[in-house]
>>> print(open('run.pdb').read())   # PDB, C-alpha atoms
ATOM      1  CA  MET C 157       0.733  36.697  62.859
ATOM      2  CA  LYS C 158       0.883  33.743  60.512
ATOM      3  CA  LYS C 159      -2.307  31.696  60.340
ATOM      4  CA  VAL C 160      -1.982  28.070  61.434
ATOM      5  CA  ASN C 161      -2.820  25.613  58.666
ATOM      6  CA  TRP C 162      -4.642  22.913  60.628
ATOM      7  CA  ILE C 163      -5.305  20.828  57.540
ATOM      8  CA  LYS C 164      -1.586  20.546  56.807
ATOM      9  CA  ILE C 165      -0.872  19.706  60.458
ATOM     10  CA  ALA C 166      -3.552  16.988  60.380
ATOM     11  CA  ILE C 167      -2.054  15.522  57.195
ATOM     12  CA  TYR C 168       1.424  15.451  58.762
ATOM     13  CA  LEU C 169       0.075  13.760  61.894
ATOM     14  CA  VAL C 170      -1.672  11.084  59.830
ATOM     15  CA  LEU C 171       1.498  10.471  57.800
ATOM     16  CA  ILE C 172       3.572  10.232  60.993
ATOM     17  CA  LEU C 173       1.134   7.705  62.482
ATOM     18  CA  ILE C 174       1.197   5.632  59.289
ATOM     19  CA  SER C 175       5.018   5.731  59.256
ATOM     20  CA  LEU C 176       5.185   4.643  62.892
ATOM     21  CA  SER C 177       2.733   1.801  62.260
ATOM     22  CA  ILE C 178       5.175   0.496  59.643
ATOM     23  CA  LEU C 179       8.460   1.327  61.366
ATOM     24  CA  ILE C 180       7.741   0.093  64.905
ATOM     25  CA  PRO C 181       7.008  -3.564  63.936
ATOM     26  CA  ILE C 182      10.230  -3.625  61.901
ATOM     27  CA  LEU C 183      12.235  -2.224  64.824
ATOM     28  CA  ASN C 184      10.543  -4.740  67.111
ATOM     29  CA  LEU C 185      11.672  -7.612  64.884
ATOM     30  CA  LEU C 186      15.188  -6.155  64.820
ATOM     31  CA  ALA C 187      15.199  -5.861  68.625
ATOM     32  CA  MET C 188      14.080  -9.474  68.989
ATOM     33  CA  SER C 189      16.750 -10.715  66.600
ATOM     34  CA  LEU C 190      19.522  -8.804  68.419
ATOM     35  CA  SER C 191      18.445  -9.645  71.974
ATOM     36  CA  ASP C 192      20.228 -12.131  74.180
ATOM     37  CA  PRO C 193      18.349 -15.462  73.770
ATOM     38  CA  LEU C 194      18.054 -15.736  77.561
ATOM     39  CA  LYS C 195      16.467 -12.285  77.832
ATOM     40  CA  VAL C 196      14.094 -12.226  74.852
ATOM     41  CA  HIS C 197      11.153 -13.048  77.125
ATOM     42  CA  LYS C 198      11.656  -9.668  78.813
ATOM     43  CA  LEU C 199      10.613  -7.798  75.673
ATOM     44  CA  LYS C 200       7.197  -6.277  76.174
ATOM     45  CA  GLY C 201       4.709  -5.713  73.383
ATOM     46  CA  LEU C 202       6.320  -3.794  70.528
ATOM     47  CA  SER C 203       9.574  -2.973  72.300
ATOM     48  CA  ILE C 204      12.123  -1.465  69.929
ATOM     49  CA  LEU C 205      15.192  -1.809  72.148
ATOM     50  CA  PRO C 206      16.879  -5.221  72.498
ATOM     51  CA  GLU C 207      17.314  -6.902  75.873
ATOM     52  CA  GLY C 208      21.040  -7.467  76.083
ATOM     53  CA  PHE C 209      22.861  -7.921  72.800
ATOM     54  CA  SER C 210      23.716 -11.026  70.822
ATOM     55  CA  LEU C 211      24.414 -11.888  67.171
ATOM     56  CA  ILE C 212      23.820 -15.602  67.726
ATOM     57  CA  ASN C 213      20.667 -15.594  65.579
ATOM     58  CA  TYR C 214      22.465 -14.141  62.562
ATOM     59  CA  LYS C 215      25.483 -16.419  63.109
ATOM     60  CA  ILE C 216      23.223 -19.458  63.003
ATOM     61  CA  LEU C 217      21.203 -18.248  60.024
ATOM     62  CA  LEU C 218      24.194 -17.166  57.947
ATOM     63  CA  SER C 219      26.011 -20.425  58.681
ATOM     64  CA  ASN C 220      23.074 -22.448  57.359
ATOM     65  CA  PRO C 221      23.766 -23.643  53.774
ATOM     66  CA  LEU C 222      20.034 -23.562  52.994
ATOM     67  CA  ILE C 223      19.788 -19.865  53.913
ATOM     68  CA  LEU C 224      22.956 -18.928  52.023
ATOM     69  CA  ARG C 225      21.855 -20.858  48.952
ATOM     70  CA  SER C 226      18.373 -19.331  49.033
ATOM     71  CA  ILE C 227      19.856 -15.814  49.250
ATOM     72  CA  PHE C 228      22.004 -16.575  46.185
ATOM     73  CA  ASN C 229      18.976 -17.992  44.344
ATOM     74  CA  THR C 230      16.892 -14.915  45.123
ATOM     75  CA  PHE C 231      19.616 -12.521  43.980
ATOM     76  CA  LEU C 232      20.076 -14.541  40.788
ATOM     77  CA  ILE C 233      16.359 -14.590  39.982
ATOM     78  CA  THR C 234      15.896 -10.915  40.891
ATOM     79  CA  VAL C 235      18.882  -9.542  38.949
ATOM     80  CA  ILE C 236      18.393 -11.627  35.795
ATOM     81  CA  GLY C 237      14.603 -11.338  35.912
ATOM     82  CA  THR C 238      14.600  -7.558  36.389
ATOM     83  CA  ALA C 239      17.187  -7.014  33.645
ATOM     84  CA  LEU C 240      15.168  -9.181  31.245
ATOM     85  CA  ASN C 241      11.927  -7.425  32.223
ATOM     86  CA  LEU C 242      13.351  -3.957  31.556
ATOM     87  CA  PHE C 243      15.003  -5.001  28.292
ATOM     88  CA  LEU C 244      11.896  -6.631  26.815
ATOM     89  CA  THR C 245       9.502  -3.979  28.159
ATOM     90  CA  ALA C 246      11.643  -1.145  26.780
ATOM     91  CA  MET C 247      11.938  -2.752  23.339
ATOM     92  CA  ALA C 248       8.195  -3.454  23.153
ATOM     93  CA  ALA C 249       7.363   0.067  24.339
ATOM     94  CA  TYR C 250       9.601   1.641  21.692
ATOM     95  CA  VAL C 251       8.097  -0.446  18.883
ATOM     96  CA  LEU C 252       4.516   0.288  19.927
ATOM     97  CA  ALA C 253       5.062   3.971  20.739
ATOM     98  CA  ARG C 254       7.442   5.077  17.987
ATOM     99  CA  THR C 255       6.818   2.885  14.954
ATOM    100  CA  ASN C 256       3.865   2.222  12.694
ATOM    101  CA  PHE C 257       3.233  -1.248  11.319
ATOM    102  CA  VAL C 258       0.352  -3.346  10.076
ATOM    103  CA  GLY C 259      -1.733  -4.808  12.887
ATOM    104  CA  LYS C 260      -0.580  -2.365  15.572
ATOM    105  CA  LYS C 261      -4.133  -1.612  16.733
ATOM    106  CA  VAL C 262      -4.936  -5.314  16.932
ATOM    107  CA  ILE C 263      -1.881  -5.890  19.152
ATOM    108  CA  MET C 264      -2.852  -2.980  21.405
ATOM    109  CA  VAL C 265      -6.377  -4.394  21.852
ATOM    110  CA  PHE C 266      -4.900  -7.813  22.579
ATOM    111  CA  LEU C 267      -2.599  -6.345  25.245
ATOM    112  CA  ILE C 268      -5.487  -4.525  26.913
ATOM    113  CA  ILE C 269      -7.531  -7.744  26.995
ATOM    114  CA  LEU C 270      -4.505  -9.611  28.374
ATOM    115  CA  MET C 271      -4.077  -7.003  31.115
ATOM    116  CA  VAL C 272      -7.699  -7.347  32.208
ATOM    117  CA  PHE C 273      -8.175 -11.103  31.757
ATOM    118  CA  GLU C 274      -5.115 -13.032  32.885
ATOM    119  CA  PRO C 275      -4.870 -16.781  32.215
ATOM    120  CA  GLY C 276      -5.627 -19.113  35.091
ATOM    121  CA  LEU C 277      -3.069 -20.932  37.192
ATOM    122  CA  ILE C 278      -3.805 -24.398  35.751
ATOM    123  CA  PRO C 279      -3.201 -23.426  32.069
ATOM    124  CA  GLU C 280      -0.094 -21.594  33.221
ATOM    125  CA  PHE C 281       1.191 -24.676  35.069
ATOM    126  CA  LEU C 282       0.524 -26.918  32.056
ATOM    127  CA  LEU C 283       2.398 -24.496  29.802
ATOM    128  CA  VAL C 284       5.397 -24.408  32.148
ATOM    129  CA  LYS C 285       5.343 -28.210  32.330
ATOM    130  CA  ASN C 286       5.107 -28.672  28.546
ATOM    131  CA  LEU C 287       8.024 -26.266  28.038
ATOM    132  CA  GLY C 288      10.131 -28.337  30.426
ATOM    133  CA  LEU C 289      10.625 -25.441  32.852
ATOM    134  CA  LEU C 290       9.497 -27.166  36.036
ATOM    135  CA  ASN C 291      12.100 -27.068  38.812
ATOM    136  CA  THR C 292      14.177 -24.446  36.954
ATOM    137  CA  TYR C 293      14.963 -20.800  37.657
ATOM    138  CA  SER C 294      13.513 -19.952  34.235
ATOM    139  CA  SER C 295       9.988 -20.763  35.449
ATOM    140  CA  LEU C 296      10.248 -17.765  37.806
ATOM    141  CA  ILE C 297      12.370 -15.485  35.627
ATOM    142  CA  LEU C 298      10.238 -15.763  32.486
ATOM    143  CA  TYR C 299       6.871 -15.354  34.193
ATOM    144  CA  LYS C 300       5.418 -11.969  33.198
ATOM    145  CA  ALA C 301       8.589 -11.041  31.349
ATOM    146  CA  ILE C 302       6.544  -8.045  30.172
ATOM    147  CA  ASN C 303       3.967  -6.553  32.506
ATOM    148  CA  VAL C 304       1.377  -4.893  30.242
ATOM    149  CA  PHE C 305       0.585  -2.110  32.708
ATOM    150  CA  TYR C 306       4.269  -1.217  33.026
ATOM    151  CA  LEU C 307       4.542  -1.406  29.250
ATOM    152  CA  PHE C 308       1.885   1.299  28.872
ATOM    153  CA  ILE C 309       3.679   3.500  31.420
ATOM    154  CA  LEU C 310       6.942   3.261  29.474
ATOM    155  CA  MET C 311       5.145   3.899  26.193
ATOM    156  CA  ARG C 312       3.888   7.162  27.682
ATOM    157  CA  PHE C 313       7.474   8.218  28.395
ATOM    158  CA  PHE C 314       8.639   7.319  24.904
ATOM    159  CA  GLU C 315       5.741   9.268  23.385
ATOM    160  CA  ASP C 316       6.851  12.372  25.334
ATOM    161  CA  VAL C 317      10.246  12.483  23.607
ATOM    162  CA  PRO C 318      10.066  15.371  21.077
ATOM    163  CA  ASP C 319       9.796  14.302  17.443
ATOM    164  CA  SER C 320      12.400  16.919  16.515
ATOM    165  CA  ILE C 321      15.089  15.001  18.415
ATOM    166  CA  LEU C 322      14.268  11.785  16.586
ATOM    167  CA  GLU C 323      14.151  13.549  13.220
ATOM    168  CA  ALA C 324      17.575  15.071  13.842
ATOM    169  CA  ALA C 325      18.925  11.623  14.715
ATOM    170  CA  ARG C 326      17.483  10.117  11.541
ATOM    171  CA  ILE C 327      19.018  12.910   9.440
ATOM    172  CA  ASP C 328      22.390  12.025  10.987
ATOM    173  CA  GLY C 329      21.878   8.444   9.839
ATOM    174  CA  ALA C 330      20.754   6.856  13.104
ATOM    175  CA  GLY C 331      18.639   3.744  12.824
ATOM    176  CA  HIS C 332      16.080   2.358  15.244
ATOM    177  CA  PHE C 333      18.659   0.546  17.367
ATOM    178  CA  ARG C 334      20.820   3.655  17.809
ATOM    179  CA  ILE C 335      17.802   5.871  18.528
ATOM    180  CA  PHE C 336      16.566   3.335  21.069
ATOM    181  CA  THR C 337      19.882   2.953  22.909
ATOM    182  CA  LYS C 338      21.309   6.474  22.608
ATOM    183  CA  ILE C 339      18.190   8.634  22.872
ATOM    184  CA  MET C 340      15.116   6.843  24.209
ATOM    185  CA  LEU C 341      16.728   4.912  27.066
ATOM    186  CA  PRO C 342      18.826   7.801  28.476
ATOM    187  CA  LEU C 343      15.838  10.162  28.373
ATOM    188  CA  SER C 344      13.655   7.603  30.165
ATOM    189  CA  LYS C 345      15.876   6.896  33.184
ATOM    190  CA  PRO C 346      13.168   7.906  35.722
ATOM    191  CA  ALA C 347      10.680   5.477  34.169
ATOM    192  CA  LEU C 348      13.245   2.680  33.874
ATOM    193  CA  ALA C 349      14.335   3.153  37.499
ATOM    194  CA  THR C 350      10.715   3.117  38.673
ATOM    195  CA  LEU C 351       9.800   0.019  36.686
ATOM    196  CA  GLY C 352      13.052  -1.621  37.736
ATOM    197  CA  LEU C 353      11.998  -1.126  41.351
ATOM    198  CA  PHE C 354       8.556  -2.611  40.670
ATOM    199  CA  TYR C 355       9.966  -5.613  38.818
ATOM    200  CA  GLY C 356      12.755  -6.121  41.366
ATOM    201  CA  VAL C 357      10.403  -6.087  44.366
ATOM    202  CA  TYR C 358       8.122  -8.559  42.601
ATOM    203  CA  HIS C 359      10.946 -11.013  41.910
ATOM    204  CA  TRP C 360      12.423 -10.627  45.394
ATOM    205  CA  ASN C 361       9.097 -11.297  47.129
ATOM    206  CA  GLU C 362       7.950 -14.123  44.843
ATOM    207  CA  TYR C 363       7.166 -17.315  46.727
ATOM    208  CA  PHE C 364       3.778 -18.597  45.528
ATOM    209  CA  ARG C 365       4.908 -19.802  42.117
ATOM    210  CA  ALA C 366       8.222 -20.927  43.551
ATOM    211  CA  THR C 367       6.356 -23.317  45.855
ATOM    212  CA  ILE C 368       4.506 -24.699  42.826
ATOM    213  CA  TYR C 369       7.273 -24.872  40.225
ATOM    214  CA  ILE C 370      10.399 -25.460  42.337
ATOM    215  CA  THR C 371      10.629 -28.800  44.145
ATOM    216  CA  ASP C 372      14.386 -28.893  44.777
ATOM    217  CA  PRO C 373      15.172 -27.173  48.131
ATOM    218  CA  HIS C 374      18.571 -26.146  46.750
ATOM    219  CA  LYS C 375      16.746 -23.966  44.188
ATOM    220  CA  TRP C 376      14.313 -22.378  46.635
ATOM    221  CA  PRO C 377      14.373 -18.570  46.819
ATOM    222  CA  LEU C 378      14.665 -16.927  50.212
ATOM    223  CA  GLN C 379      10.934 -16.253  50.547
ATOM    224  CA  VAL C 380      10.126 -19.972  50.307
ATOM    225  CA  VAL C 381      12.642 -20.771  53.042
ATOM    226  CA  LEU C 382      11.173 -17.919  55.091
ATOM    227  CA  ARG C 383       7.700 -19.398  54.643
ATOM    228  CA  GLN C 384       8.894 -22.861  55.671
ATOM    229  CA  PHE C 385      10.469 -21.548  58.856
ATOM    230  CA  VAL C 386       8.192 -18.690  59.929
ATOM    231  CA  VAL C 387       4.778 -19.795  58.662
ATOM    232  CA  MET C 388       5.102 -23.594  58.565
ATOM    233  CA  ARG C 389       7.397 -23.587  61.658
ATOM    234  CA  ASP C 390       9.793 -26.075  60.082
ATOM    235  CA  ASN C 391      12.646 -25.744  62.591
ATOM    236  CA  THR C 392      14.400 -28.814  61.205
ATOM    237  CA  SER C 393      15.300 -27.016  57.980
ATOM    238  CA  MET C 394      16.980 -24.258  59.989
ATOM    239  CA  LEU C 395      18.828 -26.340  62.560
ATOM    240  CA  GLY C 396      19.236 -29.698  60.849
ATOM    241  CA  ASN C 397      22.717 -28.814  59.552
ATOM    242  CA  LEU C 398      24.111 -27.923  62.986
ATOM    243  CA  THR C 399      26.077 -30.703  64.644
ATOM    244  CA  GLY C 400      28.456 -31.284  67.517
ATOM    245  CA  GLY C 401      29.323 -28.157  69.492
ATOM    246  CA  SER C 402      26.753 -26.133  67.596
ATOM    247  CA  TYR C 403      23.976 -27.723  69.651
ATOM    248  CA  LYS C 404      25.475 -26.365  72.865
ATOM    249  CA  GLN C 405      25.428 -22.901  71.306
ATOM    250  CA  ILE C 406      21.713 -23.033  70.529
ATOM    251  CA  ALA C 407      20.516 -24.958  73.576
ATOM    252  CA  ASN C 408      18.724 -21.905  74.991
ATOM    253  CA  LEU C 409      17.898 -20.294  71.660
ATOM    254  CA  ASP C 410      14.549 -18.514  71.318
ATOM    255  CA  PHE C 411      12.943 -19.565  68.040
ATOM    256  CA  SER C 412      10.779 -16.441  67.772
ATOM    257  CA  SER C 413      13.937 -14.311  67.727
ATOM    258  CA  LEU C 414      15.456 -16.640  65.141
ATOM    259  CA  GLN C 415      12.354 -16.192  62.994
ATOM    260  CA  ALA C 416      12.631 -12.422  63.434
ATOM    261  CA  GLY C 417      16.236 -12.570  62.248
ATOM    262  CA  THR C 418      15.159 -14.498  59.135
ATOM    263  CA  ILE C 419      12.569 -11.823  58.318
ATOM    264  CA  ILE C 420      15.119  -9.030  58.802
ATOM    265  CA  ILE C 421      17.598 -10.751  56.467
ATOM    266  CA  SER C 422      14.908 -10.979  53.776
ATOM    267  CA  MET C 423      14.060  -7.261  54.176
ATOM    268  CA  ILE C 424      17.551  -5.714  54.231
ATOM    269  CA  PRO C 425      18.198  -5.636  50.432
ATOM    270  CA  LEU C 426      14.883  -3.899  49.734
ATOM    271  CA  LEU C 427      15.412  -1.421  52.576
ATOM    272  CA  ILE C 428      18.765  -0.529  51.007
ATOM    273  CA  LEU C 429      17.335  -0.343  47.489
ATOM    274  CA  TYR C 430      14.339   1.909  48.197
ATOM    275  CA  PRO C 431      16.281   5.079  49.166
ATOM    276  CA  LEU C 432      18.444   4.728  46.050
ATOM    277  CA  ILE C 433      15.430   4.571  43.730
ATOM    278  CA  LEU C 434      13.107   6.878  45.687
ATOM    279  CA  LYS C 435      14.180  10.058  43.863
ATOM    280  CA  TYR C 436      13.057   8.486  40.579
ATOM    281  CA  TYR C 437       9.882   6.894  41.919
ATOM    282  CA  ALA C 438       7.543   9.895  42.205
ATOM    283  CA  LYS C 439       8.784  11.463  38.986
ATOM    284  CA  GLY C 440       8.475   8.213  37.079
ATOM    285  CA  ALA C 441       5.009   7.349  38.350
ATOM    286  CA  LEU C 442       3.575  10.820  37.772
ATOM    287  CA  GLU C 443       5.096  11.589  34.384
ATOM    288  CA  GLY C 444       4.068   8.185  33.076
ATOM    289  CA  GLY C 445       0.451   8.629  34.047
ATOM    290  CA  VAL C 446      -0.330  12.314  33.313
ATOM    291  CA  LYS C 447      -1.141  13.574  29.846
ATOM    292  CA  ASP C 448      -0.196  17.131  29.016
TER     293      ASP C 448
END
>>> encode(input="run.pdb", output="structure tokens")
Amino acid sequence: MKKVNWIKIAIYLVLILISLSILIPILNLLAMSLSDPLKVHKLKGLSILPEGFSLINYKILLSNPLILRSIFNTFLITVIGTALNLFLTAMAAYVLARTNFVGKKVIMVFLIILMVFEPGLIPEFLLVKNLGLLNTYSSLILYKAINVFYLFILMRFFEDVPDSILEAARIDGAGHFRIFTKIMLPLSKPALATLGLFYGVYHWNEYFRATIYITDPHKWPLQVVLRQFVVMRDNTSMLGNLTGGSYKQIANLDFSSLQAGTIIISMIPLLILYPLILKYYAKGALEGGVKD
């Protein structure tokens, strides 16, 4: 008779409980957003099944120009910012990991100091102001264009590429640019996918600096609009563009379900992205942090 592994069972139970603690609130928000506005009050506690069914919340949200514009702004900042992050991080990692030049050790020490002691918010704001980046997308895209910690992870991947492959490429006449694009990047797809996920999630969820640097509501990312509506309870920004017959449609609308719908809209892209990147995540994180 096979012996029962109680430790493994306990670990699985803990993981299931942690998963449920994350999944149930999300399903509760989804149930609220899909419930009939006249029946939302019937939801009890963390109910995961909607009362009735209605898409009125999503119709209102997706017909709001502020929401649509903020979604576009967030996609723009996330896509351009992540692409720039990966490009600059990969180039810096290749130079530091695979080339020797005067002052390399000094730069490495500087990067370590920079990773530990980040500049304060006030000097950062003054720099953004002096560069003329206030109220521009660039103020969010260019911030931390290279994350030093992620840079060290990618350097570890580049250092793992066998020297024999690079020597063979050099014998065939390949220069640094060709080695970087044809050898280093393809062999580091797990690391690039992992760092792309990290950078992408950061840009998508950014709201703090957007509230400081962006004053034009038309340039707000989705998270700032979400904060205005859900945290600050600014219902005017959500419903101010609805006129005429639209008011009859939302006369009995439940604002908590409308807030839930806003949160779900902000989560959907990341929920779609995670499964696509998940197969690279564990491999990228482990191989970048373990020395043979």
>>> resolve_selection(input="run.pdb", expression="the PyMOL selection byres ((chain C and resi 348) around 12)", output="PDB file with C-alpha atoms, in the coordinates of the input")
ATOM      1  CA  THR C 238      14.600  -7.558  36.389  1.00  0.00           C
ATOM      2  CA  ALA C 239      17.187  -7.014  33.645  1.00  0.00           C
ATOM      3  CA  ASN C 241      11.927  -7.425  32.223  1.00  0.00           C
ATOM      4  CA  LEU C 242      13.351  -3.957  31.556  1.00  0.00           C
ATOM      5  CA  PHE C 243      15.003  -5.001  28.292  1.00  0.00           C
ATOM      6  CA  LEU C 244      11.896  -6.631  26.815  1.00  0.00           C
ATOM      7  CA  THR C 245       9.502  -3.979  28.159  1.00  0.00           C
ATOM      8  CA  ALA C 246      11.643  -1.145  26.780  1.00  0.00           C
ATOM      9  CA  MET C 247      11.938  -2.752  23.339  1.00  0.00           C
ATOM     10  CA  ALA C 249       7.363   0.067  24.339  1.00  0.00           C
ATOM     11  CA  TYR C 306       4.269  -1.217  33.026  1.00  0.00           C
ATOM     12  CA  LEU C 307       4.542  -1.406  29.250  1.00  0.00           C
ATOM     13  CA  ILE C 309       3.679   3.500  31.420  1.00  0.00           C
ATOM     14  CA  LEU C 310       6.942   3.261  29.474  1.00  0.00           C
ATOM     15  CA  MET C 311       5.145   3.899  26.193  1.00  0.00           C
ATOM     16  CA  PHE C 313       7.474   8.218  28.395  1.00  0.00           C
ATOM     17  CA  PHE C 314       8.639   7.319  24.904  1.00  0.00           C
ATOM     18  CA  MET C 340      15.116   6.843  24.209  1.00  0.00           C
ATOM     19  CA  LEU C 341      16.728   4.912  27.066  1.00  0.00           C
ATOM     20  CA  PRO C 342      18.826   7.801  28.476  1.00  0.00           C
ATOM     21  CA  LEU C 343      15.838  10.162  28.373  1.00  0.00           C
ATOM     22  CA  SER C 344      13.655   7.603  30.165  1.00  0.00           C
ATOM     23  CA  LYS C 345      15.876   6.896  33.184  1.00  0.00           C
ATOM     24  CA  PRO C 346      13.168   7.906  35.722  1.00  0.00           C
ATOM     25  CA  ALA C 347      10.680   5.477  34.169  1.00  0.00           C
ATOM     26  CA  ALA C 349      14.335   3.153  37.499  1.00  0.00           C
ATOM     27  CA  THR C 350      10.715   3.117  38.673  1.00  0.00           C
ATOM     28  CA  LEU C 351       9.800   0.019  36.686  1.00  0.00           C
ATOM     29  CA  GLY C 352      13.052  -1.621  37.736  1.00  0.00           C
ATOM     30  CA  LEU C 353      11.998  -1.126  41.351  1.00  0.00           C
ATOM     31  CA  PHE C 354       8.556  -2.611  40.670  1.00  0.00           C
ATOM     32  CA  TYR C 355       9.966  -5.613  38.818  1.00  0.00           C
ATOM     33  CA  GLY C 356      12.755  -6.121  41.366  1.00  0.00           C
ATOM     34  CA  ILE C 433      15.430   4.571  43.730  1.00  0.00           C
ATOM     35  CA  TYR C 436      13.057   8.486  40.579  1.00  0.00           C
ATOM     36  CA  TYR C 437       9.882   6.894  41.919  1.00  0.00           C
ATOM     37  CA  LYS C 439       8.784  11.463  38.986  1.00  0.00           C
ATOM     38  CA  GLY C 440       8.475   8.213  37.079  1.00  0.00           C
ATOM     39  CA  ALA C 441       5.009   7.349  38.350  1.00  0.00           C
ATOM     40  CA  GLY C 444       4.068   8.185  33.076  1.00  0.00           C
TER      41      GLY C 444
END
>>> resolve_selection(input="run.pdb", expression="the PyMOL selection byres ((chain C and resi 299) around 10)", output="VMD selection string")
chain C and resid 237 241 280 284 294 to 298 300 to 303 359 365
>>> atom_distance(input="run.pdb", atom1="CA of Ile223 in chain C", atom2="CA of Leu277 in chain C")
28.3 Å
>>> residues_around(input="run.pdb", residues="Gly201 in chain C", least_positions_apart="6", cutoff="12 Å", atoms="all atoms listed in the file", output="tab-separated table (two decimals) with C-alpha atoms, keeping the file's coordinate frame")
chain	number	residue	atom	x	y	z
C	180	ILE	CA	7.74	0.09	64.90
C	181	PRO	CA	7.01	-3.56	63.94
C	183	LEU	CA	12.24	-2.22	64.82
C	184	ASN	CA	10.54	-4.74	67.11
C	185	LEU	CA	11.67	-7.61	64.88
C	187	ALA	CA	15.20	-5.86	68.62
C	188	MET	CA	14.08	-9.47	68.99
>>> axis_aligned_box(input="run.pdb", around="range 194-207 of chain C", padding_each_side="4 Å", output="JSON")
{"center_x": 11.4, "center_y": -8.6, "center_z": 74.4, "size_x": 21.3, "size_y": 22.3, "size_z": 16.9}
>>> resolve_selection(input="run.pdb", expression="the PyMOL selection byres ((chain C and resi 414-427) around 10)", output="PyMOL selection string")
chain C and resi 182-190+193+211-214+216-218+223+227+230-231+353+356-357+360-361+378-379+381-383+385-387+389+391+394+409-413+428-432
>>> decode(input="run.pdb", residues="range 333-345 of chain C", atoms="N, CA and C atoms", output="mmCIF file, in the first residue's frame")
data_model
loop_
_atom_site.group_PDB
_atom_site.id
_atom_site.type_symbol
_atom_site.label_atom_id
_atom_site.label_comp_id
_atom_site.auth_asym_id
_atom_site.auth_seq_id
_atom_site.Cartn_x
_atom_site.Cartn_y
_atom_site.Cartn_z
ATOM 1 N N PHE C 333 26.683 43.698 -33.425
ATOM 2 C CA PHE C 333 25.259 43.865 -33.697
ATOM 3 C C PHE C 333 24.634 42.551 -34.169
ATOM 4 N N ARG C 334 25.335 41.835 -35.047
ATOM 5 C CA ARG C 334 24.796 40.569 -35.554
ATOM 6 C C ARG C 334 24.767 39.514 -34.456
ATOM 7 N N ILE C 335 25.799 39.460 -33.630
ATOM 8 C CA ILE C 335 25.822 38.506 -32.516
ATOM 9 C C ILE C 335 24.676 38.800 -31.557
ATOM 10 N N PHE C 336 24.461 40.089 -31.298
ATOM 11 C CA PHE C 336 23.407 40.496 -30.367
ATOM 12 C C PHE C 336 22.023 40.123 -30.891
ATOM 13 N N THR C 337 21.765 40.391 -32.170
ATOM 14 C CA THR C 337 20.419 40.178 -32.713
ATOM 15 C C THR C 337 20.164 38.738 -33.148
ATOM 16 N N LYS C 338 21.187 38.056 -33.633
ATOM 17 C CA LYS C 338 20.995 36.710 -34.184
ATOM 18 C C LYS C 338 21.301 35.580 -33.210
ATOM 19 N N ILE C 339 22.065 35.870 -32.160
ATOM 20 C CA ILE C 339 22.453 34.811 -31.228
ATOM 21 C C ILE C 339 21.932 35.082 -29.819
ATOM 22 N N MET C 340 22.300 36.239 -29.248
ATOM 23 C CA MET C 340 21.986 36.504 -27.857
ATOM 24 C C MET C 340 20.476 36.626 -27.602
ATOM 25 N N LEU C 341 19.796 37.401 -28.442
ATOM 26 C CA LEU C 341 18.359 37.600 -28.221
ATOM 27 C C LEU C 341 17.550 36.317 -28.416
ATOM 28 N N PRO C 342 17.770 35.549 -29.504
ATOM 29 C CA PRO C 342 17.000 34.304 -29.643
ATOM 30 C C PRO C 342 17.247 33.302 -28.519
ATOM 31 N N LEU C 343 18.477 33.232 -28.018
ATOM 32 C CA LEU C 343 18.786 32.283 -26.952
ATOM 33 C C LEU C 343 18.272 32.746 -25.585
ATOM 34 N N SER C 344 17.844 33.998 -25.504
ATOM 35 C CA SER C 344 17.392 34.543 -24.220
ATOM 36 C C SER C 344 15.897 34.834 -24.216
ATOM 37 N N LYS C 345 15.132 34.129 -25.038
ATOM 38 C CA LYS C 345 13.684 34.365 -25.095
ATOM 39 C C LYS C 345 12.986 34.187 -23.745
#
